[in-house]
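Asker: This structure is in structure tokens; I'll ask about it shortly.
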Amino acid sequence: MEIALVIPVFNEEATIKRVIEEASSVVKKIIVVNDCSNDNSGKILKSLPVTIINNQKNLGYTKTLEKGIRKAFASGADYVITFDADGQHNAGDLKKFISVIEKNKPDLVIGRRSFKNRLMEEVFGLYSRLRFGFSDPLCGMKAYKKTLFEKYNFLEKKYTIATELTFKAVRDGASFEEISIESEKRLTKSRFANNLKGNLLELKALMNIFFT
């Protein structure tokens with residue numbers, strides 16, 4: 001069984017080298033999609049043991065993530081684990097994901113962070129827990145089985161911050177496991193901007209889940 005790691009990158013020069021060095025000690029096949037970073041991220045990536053995809057234009061988080069997932073499955077991966085480039089995730093938790101994948105082979109593995117960054121993430125998580133049985137849909141650390149992704153062939157059709165596939169699959173009866181993971185506060189600027197704008201974007205995503 002082959003497991004690949006997909007990391008979307010947008011202006012993560014402060015953290016990307018450490019993130020990849022730590023992750024590569026656990027997962028050997030790493031695909032990084034550089035979403036037109038205008039800092040030194042691209043230059044740093046060239047020195048690291050990863051497959052690099054450079055977007056020709058800025059696609060945003062979900063389309064960038066989906067591009068990496070498609071590449072990983074096309075190149076032979078049976079599972080893809082998604083992982084953030086900002087240093088909030090702990091590479092040691094990859095071992096937990098891999099253990100669950102190898103033992104139980106679920107359709108989805110969903111990370112559950114030790115804290116959430118915004119009020120709307122708490123609201124999103126409460127809805128998800130009460131309705132679907134998992135509590136952190138906006139966690140960027142997830143694992144997708146190839147057959148599940150091929151069944152739906154998208155992460156989102158409406159703006160949902162890459163959660164539409166997860167909700168639709170679980171609603172349709174896909175098997176999943178939720179794993180507690182460690183998380184660190186992000187030290188650099190989030191691509192989801194300040195708290196007000198970030199909360200509004202997450203509210204929009206939640207409304208789209210309601211009506212999907």
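Just remember, in the structure tokens the first chain shown is A, the second B, etc., residues are 1-based per chain, and ligands are 1-based in the order shown.
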So which bits of region 51-167 of chain A end up strand (DSSP E or B) when you DSSP the backbone, as a list of chain:residue names?
Answerer: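 Of region 51-167 of chain A, the ones in strand (DSSP E or B) are A:Thr51, A:Ile52, A:Ile53, A:Asn54, A:Tyr79, A:Val80, A:Ile81, A:Thr82, A:His89, A:Leu108, A:Val109, A:Ile110, A:Gly111, A:Arg112, A:Lys142, A:Ala143, A:Tyr144, A:Lys145.
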Asker: At a cut-off of 12 Å, using only C-alpha atoms, what residues contact region 128-136 of chain A? Leave out same-chain residues fewer than 3 positions from it and give the result as number ranges by chain.
Answerer: A: 108-117, 120-125, 139-142, 163-164, 166-181, 206, 209-210
Asker: Output C-alpha atoms for every residue in the selection just made, as a short mmCIF file (atom, residue, chain, number, x, y, z; two decimals), in the first residue's frame.
Answerer:
```cif
data_model
loop_
_atom_site.label_atom_id
_atom_site.label_comp_id
_atom_site.auth_asym_id
_atom_site.auth_seq_id
_atom_site.Cartn_x
_atom_site.Cartn_y
_atom_site.Cartn_z
CA LEU A 108 -11.63 8.80 5.34
CA VAL A 109 -9.44 9.73 8.27
CA ILE A 110 -10.21 13.12 9.81
CA GLY A 111 -7.92 14.99 12.17
CA ARG A 112 -9.30 16.62 15.32
CA ARG A 113 -7.17 19.53 16.47
CA SER A 114 -6.57 20.37 20.12
CA PHE A 115 -7.95 23.88 19.53
CA LYS A 116 -9.74 25.85 16.83
CA ASN A 117 -8.71 29.23 15.52
CA MET A 120 -17.04 29.87 13.31
CA GLU A 121 -14.75 26.85 13.44
CA GLU A 122 -16.37 25.97 16.78
CA VAL A 123 -19.83 26.40 15.26
CA PHE A 124 -18.87 24.39 12.17
CA GLY A 125 -17.49 21.67 14.41
CA CYS A 139 -8.89 20.48 9.98
CA GLY A 140 -6.43 20.45 7.09
CA MET A 141 -5.08 17.04 8.06
CA LYS A 142 -7.23 14.37 6.45
CA THR A 163 -15.14 20.01 3.18
CA GLU A 164 -17.92 19.17 0.71
CA THR A 166 -16.11 14.80 3.43
CA PHE A 167 -19.70 15.69 4.31
CA LYS A 168 -21.18 14.11 1.20
CA ALA A 169 -19.20 10.89 1.61
CA VAL A 170 -20.11 10.49 5.28
CA ARG A 171 -23.75 11.26 4.49
CA ASP A 172 -23.63 8.51 1.86
CA GLY A 173 -22.27 5.99 4.36
CA ALA A 174 -18.50 6.17 3.83
CA SER A 175 -16.42 4.70 6.63
CA PHE A 176 -14.34 7.19 8.61
CA GLU A 177 -12.24 7.54 11.72
CA GLU A 178 -11.47 10.72 13.62
CA ILE A 179 -8.05 11.04 15.25
CA SER A 180 -6.92 13.53 17.87
CA ILE A 181 -3.87 15.44 16.66
CA LEU A 206 -21.15 26.24 6.44
CA ILE A 209 -22.93 22.64 3.40
CA PHE A 210 -26.44 23.23 4.79
#
```
Asker: Have a look at A:Ile16, A:Glu22, A:Ala85, A:Pro8 and name the one nearest to Asn54 (chain A); count only C-alpha atoms.
Answerer: A:Pro8
Asker: Can you pull out every residue within 12 Å of Lys28 (chain A), counting only C-alpha atoms, but drop anything in the same chain fewer than 2 positions away, and send it as a VMD selection string?
Answerer: chain A and resid 2 to 6 20 to 26 30 to 31 48 to 51 77 94
Asker: Go ahead and compute the interatomic distance for CA of Lys95 (chain A) and CA of Lys63 (chain A), in Å to one decimal.
Answerer: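 Between CA of Lys95 (chain A) and CA of Lys63 (chain A) the gap works out to 26.4 Å.
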Asker: Taking the DSSP secondary structure from the backbone, can you list the residues of region 35-77 of chain A that are helix (DSSP H, G or I), as a list in words?
Answerer: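 Everything in region 35-77 of chain A that counts as helix (DSSP H, G or I) is Ser41, Gly42, Lys43, Ile44, Leu45, Tyr61, Thr62, Lys63, Thr64, Leu65, Glu66, Lys67, Gly68, Ile69, Arg70, Lys71, Ala72, Phe73 and Ala74 of chain A.
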Asker: Considering only C-alpha atoms, return as number ranges by chain whatever protein or nucleic-acid residues lie within 7 Å of Asn58 (chain A), sequence-local ones (same chain, fewer than 3 positions apart) excluded.
Answerer: A: 35-36, 55
